[in-house]
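run.cif (mmCIF, C-alpha atoms) appears below.
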data_structure
#
loop_
_atom_site.label_atom_id
_atom_site.label_comp_id
_atom_site.auth_asym_id
_atom_site.auth_seq_id
_atom_site.Cartn_x
_atom_site.Cartn_y
_atom_site.Cartn_z
CA MET C 1 -5.92 32.64 -11.39
CA ALA C 2 -6.98 33.95 -14.80
CA SER C 3 -6.04 37.51 -13.85
CA GLN C 4 -2.54 36.28 -12.92
CA LEU C 5 -2.03 34.35 -16.16
CA ILE C 6 -3.46 36.79 -18.74
CA PRO C 7 -0.36 39.06 -18.63
CA VAL C 8 1.90 36.07 -19.44
CA ALA C 9 -0.46 34.20 -21.76
CA ALA C 10 1.54 35.07 -24.89
CA LEU C 11 4.72 33.72 -23.32
CA LEU C 12 3.01 30.51 -22.22
CA ILE C 13 1.54 29.99 -25.70
CA GLY C 14 4.92 30.59 -27.32
CA SER C 15 6.57 28.12 -24.95
CA ALA C 16 3.87 25.53 -25.69
CA LEU C 17 4.40 25.82 -29.44
CA LEU C 18 8.16 25.54 -28.96
CA LEU C 19 7.76 22.41 -26.80
CA ILE C 20 5.41 20.80 -29.33
CA ALA C 21 8.06 21.30 -31.99
CA GLY C 22 10.75 20.04 -29.63
CA GLY C 23 8.70 16.94 -28.79
CA ILE C 24 8.31 16.13 -32.48
CA HIS C 25 11.96 16.84 -33.25
CA GLY C 26 13.42 14.92 -30.30
CA LEU C 27 11.47 11.71 -30.92
CA LEU C 28 11.53 11.83 -34.71
CA LEU C 29 15.32 11.78 -35.08
CA PRO C 30 16.09 8.48 -33.31
CA ILE C 31 13.11 6.77 -34.97
CA ARG C 32 13.92 8.05 -38.44
CA GLY C 33 17.66 7.54 -37.92
CA ALA C 34 17.09 3.87 -37.10
CA ILE C 35 14.91 3.53 -40.21
CA GLU C 36 17.73 5.06 -42.28
CA GLY C 37 20.19 2.50 -40.91
CA PHE C 38 22.18 4.66 -38.48
CA SER C 39 24.14 2.61 -35.96
CA THR C 40 23.18 2.67 -32.29
CA THR C 41 26.41 4.50 -31.48
CA GLU C 42 25.62 7.18 -34.06
CA LEU C 43 22.13 7.59 -32.62
CA GLY C 44 23.66 7.95 -29.16
CA LEU C 45 26.00 10.65 -30.43
CA ILE C 46 22.99 12.56 -31.75
CA GLY C 47 21.77 12.75 -28.15
CA THR C 48 25.21 13.86 -27.01
CA GLY C 49 25.14 16.59 -29.65
CA TRP C 50 21.88 17.89 -28.19
CA ALA C 51 23.30 17.97 -24.65
CA VAL C 52 26.49 19.77 -25.71
CA GLY C 53 24.49 22.37 -27.63
CA PHE C 54 22.02 22.80 -24.77
CA VAL C 55 24.74 23.47 -22.18
CA LEU C 56 26.52 25.88 -24.53
CA GLY C 57 23.23 27.65 -25.17
CA CYS C 58 22.76 28.17 -21.44
CA ILE C 59 26.18 29.80 -21.28
CA VAL C 60 26.30 31.83 -24.51
CA VAL C 61 22.73 33.01 -25.10
CA PRO C 62 22.72 35.60 -22.27
CA ARG C 63 25.46 37.45 -24.15
CA ILE C 64 23.39 37.39 -27.34
CA VAL C 65 20.35 38.71 -25.49
CA ARG C 66 22.37 41.56 -24.03
CA ARG C 67 23.42 42.57 -27.55
CA VAL C 68 20.13 42.37 -29.44
CA GLY C 69 17.35 42.05 -26.86
CA HIS C 70 14.90 39.31 -25.92
CA VAL C 71 12.46 39.47 -28.84
CA ARG C 72 15.11 39.41 -31.57
CA ALA C 73 17.16 36.72 -29.83
CA TYR C 74 14.08 34.53 -29.35
CA GLY C 75 13.13 34.95 -33.00
CA VAL C 76 16.63 33.96 -34.07
CA MET C 77 16.64 30.86 -31.85
CA ALA C 78 13.23 29.60 -33.00
CA SER C 79 14.01 30.39 -36.63
CA ILE C 80 17.32 28.52 -36.61
CA ALA C 81 15.65 25.55 -34.89
CA GLY C 82 13.11 25.48 -37.73
CA VAL C 83 15.90 25.57 -40.31
CA VAL C 84 17.75 22.76 -38.52
CA ILE C 85 14.82 20.34 -38.57
CA LEU C 86 14.41 20.97 -42.32
CA LEU C 87 18.14 20.38 -42.83
CA ASN C 88 17.68 17.06 -41.01
CA LEU C 89 15.28 16.17 -43.83
CA LEU C 90 17.54 17.39 -46.63
CA ILE C 91 20.82 15.93 -45.30
CA ILE C 92 20.19 12.41 -44.05
CA SER C 93 23.62 11.62 -42.64
CA PRO C 94 24.44 10.58 -39.06
CA TRP C 95 27.39 12.95 -38.74
CA ALA C 96 25.40 15.86 -40.15
CA TRP C 97 22.58 15.07 -37.73
CA ILE C 98 24.99 15.04 -34.77
CA GLY C 99 26.14 18.57 -35.62
CA LEU C 100 22.65 19.77 -36.43
CA ARG C 101 21.34 18.36 -33.17
CA ALA C 102 23.91 20.44 -31.31
CA PHE C 103 22.54 23.53 -33.07
CA SER C 104 18.98 22.60 -32.15
CA GLY C 105 20.00 22.04 -28.51
CA PHE C 106 21.69 25.43 -28.45
CA CYS C 107 18.66 27.18 -29.93
CA PHE C 108 16.16 25.32 -27.76
CA ALA C 109 18.05 26.23 -24.58
CA GLY C 110 18.26 29.85 -25.69
CA ALA C 111 14.59 30.14 -26.57
CA GLN C 112 13.51 28.50 -23.30
CA MET C 113 15.79 30.76 -21.25
CA ILE C 114 14.39 33.87 -22.90
CA VAL C 115 10.79 32.85 -22.22
CA GLU C 116 11.62 31.93 -18.63
CA SER C 117 13.49 35.16 -17.92
CA TRP C 118 10.53 37.07 -19.31
CA LEU C 119 8.13 35.10 -17.09
CA ASN C 120 10.49 35.65 -14.17
CA GLU C 121 10.31 39.41 -14.63
CA ARG C 122 6.52 39.38 -14.83
CA ALA C 123 6.15 37.18 -11.74
CA THR C 124 5.64 38.64 -8.28
CA ARG C 125 6.08 37.05 -4.88
CA GLU C 126 2.32 36.51 -4.74
CA ASN C 127 1.89 34.76 -8.09
CA ARG C 128 5.31 33.19 -8.69
CA GLY C 129 4.22 29.76 -7.48
CA THR C 130 1.13 29.83 -9.71
CA ILE C 131 3.07 30.93 -12.80
CA PHE C 132 5.82 28.36 -12.19
CA SER C 133 3.30 25.53 -11.76
CA VAL C 134 1.23 26.48 -14.80
CA TYR C 135 4.39 26.91 -16.87
CA GLN C 136 5.52 23.38 -15.96
CA MET C 137 2.09 21.93 -16.76
CA VAL C 138 1.95 23.73 -20.12
CA ASN C 139 5.42 22.50 -21.05
CA PHE C 140 4.68 18.94 -19.98
CA ALA C 141 1.43 18.86 -21.95
CA ALA C 142 3.01 20.44 -25.03
CA SER C 143 6.06 18.18 -25.07
CA THR C 144 3.86 15.11 -24.63
CA ALA C 145 1.52 16.30 -27.38
CA GLY C 146 4.47 16.72 -29.74
CA GLN C 147 5.62 13.16 -29.08
CA LEU C 148 2.13 11.73 -29.45
CA LEU C 149 1.72 13.43 -32.83
CA LEU C 150 4.15 10.84 -34.16
CA ALA C 151 1.49 8.22 -33.51
CA THR C 152 -0.71 9.75 -36.22
CA ALA C 153 1.38 8.89 -39.31
CA PRO C 154 4.44 6.90 -40.45
CA ALA C 155 7.83 8.43 -39.63
CA GLU C 156 9.03 7.93 -43.20
CA GLY C 157 8.75 10.86 -45.59
CA PHE C 158 8.83 14.57 -44.91
CA PHE C 159 5.59 15.18 -42.99
CA PHE C 160 6.90 15.41 -39.42
CA PHE C 161 9.99 17.41 -40.37
CA VAL C 162 7.77 20.03 -41.99
CA LEU C 163 5.27 19.92 -39.14
CA GLY C 164 8.04 20.53 -36.62
CA ALA C 165 9.33 23.47 -38.65
CA ILE C 166 5.81 24.93 -38.74
CA PHE C 167 5.51 24.79 -34.94
CA TYR C 168 8.97 26.35 -34.52
CA SER C 169 7.86 29.20 -36.77
CA LEU C 170 4.54 29.62 -34.95
CA ALA C 171 6.42 29.83 -31.64
CA ILE C 172 7.89 33.17 -32.75
CA LEU C 173 4.53 34.91 -33.16
CA PRO C 174 3.26 35.31 -29.57
CA SER C 175 6.40 37.04 -28.30
CA ALA C 176 6.86 39.06 -31.50
CA LEU C 177 3.30 40.43 -31.25
CA SER C 178 3.25 40.81 -27.47
CA THR C 179 3.03 44.34 -26.07
CA ALA C 180 4.50 43.23 -22.73
CA GLN C 181 7.59 45.12 -21.64
CA THR C 182 10.76 43.15 -22.29
CA PRO C 183 12.79 42.26 -19.19
CA ARG C 184 16.21 43.38 -18.16
CA PRO C 185 19.20 41.57 -19.74
CA LEU C 186 19.94 38.07 -18.49
CA LYS C 187 22.53 37.95 -15.74
CA THR C 188 25.14 35.29 -15.11
CA THR C 189 25.94 33.39 -11.96
CA LYS C 190 29.36 31.82 -11.58
CA ILE C 191 29.35 28.29 -10.28
CA ASP C 192 31.93 27.00 -7.83
CA LEU C 193 32.00 23.23 -8.25
CA ARG C 194 34.18 22.78 -5.15
CA SER C 195 31.60 24.56 -3.03
CA LEU C 196 28.92 22.46 -4.69
CA PHE C 197 30.65 19.25 -3.58
CA ARG C 198 31.29 20.61 -0.10
CA ASN C 199 27.63 21.52 0.25
CA SER C 200 26.29 18.11 -0.82
CA PRO C 201 28.46 15.41 -2.40
CA VAL C 202 25.42 13.16 -2.81
CA SER C 203 23.58 15.78 -4.85
CA ALA C 204 26.60 16.65 -7.00
CA VAL C 205 27.53 13.06 -7.84
CA GLY C 206 23.87 12.04 -7.94
CA CYS C 207 22.94 14.67 -10.51
CA PHE C 208 25.77 13.51 -12.76
CA LEU C 209 24.59 9.89 -12.51
CA ILE C 210 20.96 10.94 -12.99
CA GLY C 211 22.03 12.83 -16.11
CA LEU C 212 23.68 9.67 -17.45
CA VAL C 213 20.43 7.73 -17.17
CA ASN C 214 18.05 10.46 -18.29
CA GLY C 215 20.23 11.44 -21.24
CA ALA C 216 20.57 7.86 -22.43
CA PHE C 217 16.89 7.05 -22.04
CA GLY C 218 15.72 10.29 -23.68
CA THR C 219 17.88 9.56 -26.73
CA LEU C 220 17.83 5.78 -26.97
CA GLY C 221 14.48 4.82 -25.48
CA ALA C 222 12.87 5.13 -28.92
CA VAL C 223 15.72 3.12 -30.46
CA TYR C 224 15.12 0.38 -27.90
CA GLY C 225 11.44 0.38 -28.86
CA GLN C 226 12.29 -0.02 -32.52
CA LYS C 227 14.80 -2.78 -31.92
CA ILE C 228 12.25 -4.88 -30.03
CA GLY C 229 9.79 -4.43 -32.89
CA LEU C 230 7.38 -1.79 -31.60
CA PRO C 231 5.59 0.30 -34.25
CA THR C 232 6.11 4.06 -34.29
CA ALA C 233 2.71 4.76 -32.73
CA VAL C 234 3.48 2.55 -29.75
CA ILE C 235 6.94 4.11 -29.35
CA ALA C 236 5.31 7.55 -29.11
CA PHE C 237 3.08 6.34 -26.27
CA PHE C 238 6.02 4.44 -24.79
CA MET C 239 8.18 7.57 -24.43
CA SER C 240 5.31 9.75 -23.24
CA ALA C 241 4.36 7.15 -20.62
CA ALA C 242 7.78 7.49 -18.98
CA VAL C 243 7.42 11.26 -18.58
CA LEU C 244 3.84 10.88 -17.39
CA GLY C 245 4.95 8.34 -14.80
CA GLY C 246 7.56 10.78 -13.53
CA ALA C 247 5.02 13.59 -13.33
CA ILE C 248 2.66 11.43 -11.25
CA THR C 249 5.25 10.23 -8.72
CA GLN C 250 7.13 13.50 -8.14
CA VAL C 251 4.72 14.96 -5.60
CA PRO C 252 4.16 11.89 -3.37
CA LEU C 253 7.88 11.06 -3.36
CA GLY C 254 8.68 14.70 -2.65
CA LYS C 255 6.25 14.83 0.28
CA LEU C 256 7.77 11.65 1.67
CA SER C 257 11.24 13.22 1.42
CA ASP C 258 9.98 16.21 3.43
CA LYS C 259 9.36 13.86 6.36
CA ILE C 260 12.45 11.62 6.33
CA ASP C 261 16.05 11.79 5.15
CA ARG C 262 15.84 12.56 1.43
CA ARG C 263 18.79 10.24 0.81
CA LEU C 264 16.73 7.30 2.04
CA VAL C 265 14.04 8.21 -0.48
CA LEU C 266 16.68 8.52 -3.20
CA ILE C 267 18.04 5.06 -2.34
CA GLY C 268 14.55 3.58 -2.34
CA VAL C 269 13.67 5.13 -5.69
CA ALA C 270 16.98 4.00 -7.21
CA ALA C 271 16.37 0.46 -5.91
CA ALA C 272 12.92 0.45 -7.52
CA ALA C 273 14.52 1.71 -10.74
CA ILE C 274 16.94 -1.23 -10.64
CA VAL C 275 14.06 -3.66 -10.25
CA MET C 276 12.21 -2.12 -13.20
CA SER C 277 15.37 -1.93 -15.33
CA LEU C 278 16.22 -5.59 -14.78
CA ALA C 279 12.60 -6.62 -15.30
CA ILE C 280 12.54 -4.87 -18.67
CA ALA C 281 16.00 -6.19 -19.60
CA PHE C 282 15.28 -9.84 -18.80
CA VAL C 283 11.58 -10.05 -19.64
CA SER C 284 11.94 -7.97 -22.83
CA PRO C 285 8.17 -7.52 -23.19
CA THR C 286 6.89 -6.76 -26.68
CA GLN C 287 3.15 -6.62 -25.95
CA PRO C 288 2.35 -2.88 -26.23
CA THR C 289 0.25 -2.54 -23.08
CA VAL C 290 2.79 -4.39 -20.94
CA ILE C 291 5.83 -2.44 -22.12
CA ILE C 292 4.03 0.91 -21.82
CA VAL C 293 3.02 0.14 -18.22
CA MET C 294 6.53 -1.02 -17.34
CA ILE C 295 8.11 2.06 -18.88
CA ALA C 296 5.64 4.31 -17.05
CA LEU C 297 6.74 2.69 -13.78
CA PHE C 298 10.40 3.09 -14.79
CA GLY C 299 9.86 6.77 -15.61
CA GLY C 300 8.07 7.18 -12.30
CA MET C 301 11.32 6.21 -10.62
CA ILE C 302 13.99 8.01 -12.67
CA TYR C 303 12.43 11.41 -13.29
CA PRO C 304 11.78 12.49 -9.67
CA MET C 305 15.42 11.81 -8.71
CA TYR C 306 16.70 15.17 -9.93
CA GLY C 307 14.18 17.08 -7.82
CA LEU C 308 15.11 14.97 -4.78
CA ALA C 309 18.81 15.72 -5.31
CA VAL C 310 18.18 19.46 -5.63
CA ALA C 311 15.99 19.49 -2.52
CA HIS C 312 18.65 17.59 -0.55
CA ALA C 313 21.36 20.05 -1.57
CA ASN C 314 19.13 22.95 -0.65
CA ASP C 315 18.65 21.51 2.85
CA TYR C 316 22.36 22.17 3.52
CA ALA C 317 22.71 25.40 1.54
CA ALA C 318 22.31 28.92 2.87
CA PRO C 319 18.87 30.37 2.07
CA ASP C 320 20.32 32.80 -0.46
CA ASP C 321 22.35 30.13 -2.29
CA PHE C 322 19.49 28.22 -3.90
CA VAL C 323 19.99 29.61 -7.40
CA LYS C 324 23.75 29.07 -7.31
CA VAL C 325 23.48 25.52 -5.97
CA ALA C 326 20.64 24.45 -8.27
CA SER C 327 22.42 25.92 -11.30
CA GLY C 328 25.56 23.98 -10.41
CA LEU C 329 23.58 20.75 -10.10
CA LEU C 330 21.99 21.45 -13.47
CA LEU C 331 25.46 21.75 -14.96
CA MET C 332 26.51 18.43 -13.36
CA SER C 333 23.47 16.73 -14.84
CA GLY C 334 24.30 18.34 -18.19
CA PHE C 335 27.71 16.68 -18.15
CA GLY C 336 26.02 13.36 -17.46
CA THR C 337 23.52 13.93 -20.26
CA MET C 338 26.41 14.40 -22.69
CA ILE C 339 28.05 11.09 -21.77
CA GLY C 340 25.03 8.90 -21.05
CA PRO C 341 23.87 8.37 -24.66
CA ILE C 342 27.35 7.24 -25.71
CA ILE C 343 27.67 4.64 -22.93
CA GLY C 344 24.08 3.53 -23.43
CA ALA C 345 24.68 3.07 -27.15
CA LEU C 346 27.80 1.00 -26.50
CA ALA C 347 25.84 -1.16 -24.05
CA MET C 348 23.16 -1.77 -26.69
CA THR C 349 25.77 -2.54 -29.32
CA HIS C 350 27.47 -5.22 -27.22
CA LEU C 351 24.52 -6.59 -25.23
CA GLY C 352 21.60 -5.98 -27.55
CA PRO C 353 18.54 -3.80 -26.79
CA ALA C 354 18.39 -5.07 -23.19
CA GLY C 355 21.88 -3.61 -22.67
CA LEU C 356 20.34 -0.16 -22.31
CA PHE C 357 18.41 -1.15 -19.19
CA THR C 358 21.33 -3.20 -17.89
CA PHE C 359 23.36 0.01 -18.08
CA PHE C 360 20.64 1.85 -16.13
CA SER C 361 20.67 -0.77 -13.39
CA VAL C 362 24.46 -0.50 -13.02
CA ILE C 363 24.31 3.30 -12.69
CA HIS C 364 21.60 3.06 -10.05
CA VAL C 365 23.68 0.53 -8.11
CA VAL C 366 26.52 3.08 -8.10
CA LEU C 367 24.09 5.79 -6.96
CA ILE C 368 22.83 3.65 -4.08
CA GLY C 369 26.36 2.68 -3.02
CA TYR C 370 27.65 6.24 -3.00
CA THR C 371 24.58 7.61 -1.23
CA ALA C 372 24.78 4.92 1.45
CA PHE C 373 28.49 5.68 1.92
CA ARG C 374 27.78 9.38 2.38
CA MET C 375 25.00 8.61 4.86
CA SER C 376 27.59 6.85 7.00
CA ARG C 377 29.74 9.99 6.89
CA ARG C 378 27.17 12.73 7.35
CA PRO C 379 23.93 12.65 9.32
CA ALA C 380 20.70 14.08 8.02
CA PRO C 381 20.08 17.75 8.90
CA ARG C 382 18.21 17.99 12.20
CA ASP C 383 16.47 20.92 13.83
CA VAL C 384 17.01 22.88 10.61
CA PRO C 385 14.06 24.28 8.67
CA ARG C 386 13.88 22.49 5.33
CA ASP C 387 12.20 23.84 2.22
CA ALA C 388 9.28 21.78 1.01
CA PHE C 389 10.02 19.66 -2.05
CA GLN C 390 9.25 21.40 -5.33
CA SER C 391 8.65 19.34 -8.46
CA MET C 392 11.15 19.94 -11.25
CA PRO C 393 10.75 19.70 -15.03
CA PRO C 394 12.47 16.89 -16.93
CA LEU C 395 16.20 17.59 -17.17
CA LYS C 396 16.03 17.89 -20.94
CA ASN C 397 13.88 21.01 -20.63
CA ALA C 398 15.45 22.59 -17.53
CA THR C 399 17.62 25.70 -17.88
CA PRO C 400 19.13 28.05 -15.29
CA GLU C 401 16.19 30.36 -15.98
CA THR C 402 13.84 27.59 -14.85
CA ILE C 403 15.65 27.69 -11.53
CA ALA C 404 15.39 31.47 -11.33
CA LEU C 405 11.63 31.18 -11.91
CA ASP C 406 11.28 28.57 -9.13
CA PRO C 407 9.50 30.09 -6.09
CA ARG C 408 12.42 29.01 -3.90
CA ALA C 409 14.65 31.45 -5.79
CA GLU C 410 12.81 34.29 -4.05
CA ASP C 411 14.74 33.53 -0.87
CA GLY C 412 18.01 34.04 -2.70
CA LYS C 413 17.04 37.14 -4.61
CA PRO C 414 18.93 39.77 -2.65
CA ALA C 415 22.19 37.81 -2.79
CA GLN C 416 21.94 37.06 -6.51
CA THR C 417 20.87 40.42 -7.85
CA VAL C 418 23.29 43.09 -6.80
CA ALA C 419 21.39 46.23 -7.62
CA PRO C 420 23.48 49.18 -6.55
CA ALA C 421 21.74 50.41 -3.39
CA THR C 422 18.40 50.88 -5.08
CA ALA C 423 15.04 49.14 -5.08
CA PRO C 424 15.30 45.36 -5.35
CA LEU C 425 15.13 43.81 -8.78
CA PRO C 426 13.00 40.82 -9.74
CA ALA C 427 14.50 37.38 -9.21
CA PRO C 428 17.57 37.11 -11.42
CA ALA C 429 18.03 35.41 -14.75
CA THR C 430 20.98 33.13 -14.22
CA THR C 431 23.17 30.94 -16.31
CA PRO C 432 26.16 28.80 -15.41
CA THR C 433 29.67 29.78 -16.33
CA ILE C 434 32.15 26.98 -16.81
#
Please express what this file holds, its structure, as structure tokens.
Amino acid sequence: MASQLIPVAALLIGSALLLIAGGIHGLLLPIRGAIEGFSTTELGLIGTGWAVGFVLGCIVVPRIVRRVGHVRAYGVMASIAGVVILLNLLIISPWAWIGLRAFSGFCFAGAQMIVESWLNERATRENRGTIFSVYQMVNFAASTAGQLLLATAPAEGFFFFVLGAIFYSLAILPSALSTAQTPRPLKTTKIDLRSLFRNSPVSAVGCFLIGLVNGAFGTLGAVYGQKIGLPTAVIAFFMSAAVLGGAITQVPLGKLSDKIDRRLVLIGVAAAAIVMSLAIAFVSPTQPTVIIVMIALFGGMIYPMYGLAVAHANDYAAPDDFVKVASGLLLMSGFGTMIGPIIGALAMTHLGPAGLFTFFSVIHVVLIGYTAFRMSRRPAPRDVPRDAFQSMPPLKNATPETIALDPRAEDGKPAQTVAPATAPLPAPATTPTI
């Protein structure tokens, strides 16, 4: 394995440093914003700003890369992200933070896409699965480490803003000093939303609903922790526990979905998420160990849903349509991620902290109802070879380039990369076009 990873070590290190900075930045803002007296709605809009910037980054950055190249574009993205987190320190205003968060989402998406397209070019059919798995593990560990750093000191003051800026700056060095050949320019893949719905209505609607929940929890989970009186250190563990729970349950739930109708698994997971949401909403535990365990179980339910939805859509798609379908579902979840923090914030404003998990339970009820309705209209695919479930990164960190790096994208390579009658190109770098 070492021989396969050495050629991409600089890219993996750069991605890890970027994710550490992103973990600090993403958790620091809601905690510090609440300390500064921002309203719950304003904190929700900060999350919406991130989602808007992230989706725009996925669309616009390929054009920037084509103009100036991967190394320069990556340096610009990481540098601006470092400037943004320092501006968050200098301009403590909710409306400034909403705009700045959009910039950081744009830059983060761009930097991630560039790293992933570079990894995609270096990957071969033989080592693609290894590189994809290691890349996911590195990103998970780095993002979690960034969040847990907030447990080491109070969120007041300038320390974590500066620390985040340092990691953003360090993230530039591995790619800037790498001697690896830069990849071809990023390509674009147009997304046909009508075809996406025809292929799998459950996956299309489901990814939007999943985005609502994941976007709201990623932004407002820390705010919920503060409002029930948890200290910053516990909130850091609280948010990391949710992601860890999702990482643990993805594989067993995915293997189960390989054996039965994936929609049944999705319904079961959504039902379990309702139980956990209502338990948290009505019990409102404040004992650190109890709330961390409950949130880990909640995360174990919500985070595998996106991978289940993608796998279900892929069961009905043509083998060479994986990249197009998965990119479309990513866009649907992006729309949900934009809206979710706003609705979640309104629920907390009118119902108190427990309103956030009440909102989650309602969304999962809708997901179960729609999925059950579609099951009555369309049978599960039978006698059709189905791809094995592949774990997916948290939606907040997933870009179209993540999909292109996925080993399943190999099946769609010839249809997505139209190289004029010459040798086949590596799996394409793709981005959605609205």
**OP:** Determine, counting all atoms listed in the file, which protein, DNA and RNA residues have an atom within 10 Å of an atom of segment 367-371 of chain C; residues of the same chain fewer than 5 positions away are not included. Present the result as a ChimeraX atom specification.
**Re:** /C:201-203,205-210,263-264,266-271,361-362,376-377
Original post:
Which residue gives the smallest distance to Gln250 of chain C among C:Pro288, C:Pro341, C:Gly307, C:Pro174, with only C-alpha atoms counted?
Top reply: C:Gly307
Subject >> d(atom CA of Gly334 of chain C, atom CA of Gly211 of chain C) in Å >> reply: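 Pair atom CA of Gly334 of chain C / atom CA of Gly211 of chain C returns 6.3 Å.
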Scan for residues within 12 Å of the point (6.1, 5.2, -21.8) in the coordinates of the file, using all atoms listed in the file, and reply as a tab-separated table (two decimals) with C-alpha atoms, in the frame of the given file.
chain	number	residue	atom	x	y	z
C	144	THR	CA	3.86	15.11	-24.63
C	147	GLN	CA	5.62	13.16	-29.08
C	148	LEU	CA	2.13	11.73	-29.45
C	217	PHE	CA	16.89	7.05	-22.04
C	218	GLY	CA	15.72	10.29	-23.68
C	221	GLY	CA	14.48	4.82	-25.48
C	222	ALA	CA	12.87	5.13	-28.92
C	224	TYR	CA	15.12	0.38	-27.90
C	225	GLY	CA	11.44	0.38	-28.86
C	233	ALA	CA	2.71	4.76	-32.73
C	234	VAL	CA	3.48	2.55	-29.75
C	235	ILE	CA	6.94	4.11	-29.35
C	236	ALA	CA	5.31	7.55	-29.11
C	237	PHE	CA	3.08	6.34	-26.27
C	238	PHE	CA	6.02	4.44	-24.79
C	239	MET	CA	8.18	7.57	-24.43
C	240	SER	CA	5.31	9.75	-23.24
C	241	ALA	CA	4.36	7.15	-20.62
C	242	ALA	CA	7.78	7.49	-18.98
C	243	VAL	CA	7.42	11.26	-18.58
C	244	LEU	CA	3.84	10.88	-17.39
C	245	GLY	CA	4.95	8.34	-14.80
C	246	GLY	CA	7.56	10.78	-13.53
C	247	ALA	CA	5.02	13.59	-13.33
C	288	PRO	CA	2.35	-2.88	-26.23
C	289	THR	CA	0.25	-2.54	-23.08
C	290	VAL	CA	2.79	-4.39	-20.94
C	291	ILE	CA	5.83	-2.44	-22.12
C	292	ILE	CA	4.03	0.91	-21.82
C	293	VAL	CA	3.02	0.14	-18.22
C	294	MET	CA	6.53	-1.02	-17.34
C	295	ILE	CA	8.11	2.06	-18.88
C	296	ALA	CA	5.64	4.31	-17.05
C	297	LEU	CA	6.74	2.69	-13.78
C	298	PHE	CA	10.40	3.09	-14.79
C	299	GLY	CA	9.86	6.77	-15.61
C	300	GLY	CA	8.07	7.18	-12.30
**OP:** Could you expand the PyMOL selection byres ((chain C and resi 33) around 12) into the explicit residues it covers here, written as a PyMOL selection string?
**Re:** chain C and resi 25-32+34-47+88-89+91-98+155-156+219-220+222-223+226
Original post:
Any chance you could work out the residue set of the PyMOL selection byres ((chain C and resi 84) around 10) here, as an NGL selection string?
Top reply: :C and (25 or 78-83 or 85-90 or 97 or 99-104 or 107 or 161 or 165)
Subject >> Between atom CA of Asn314 of chain C and atom CA of Asp258 of chain C - distance in Å to one decimal >> reply: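 Separation of atom CA of Asp258 of chain C and atom CA of Asn314 of chain C: 12.1 Å.
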**OP:** Might you pull out every residue within 10 Å of Ala347 of chain C, with all atoms listed in the file counted and same-chain residues fewer than 3 positions away left off, and present them as an MDAnalysis selection string?
**Re:** chainID C and resid 40:41 341:344 350:360
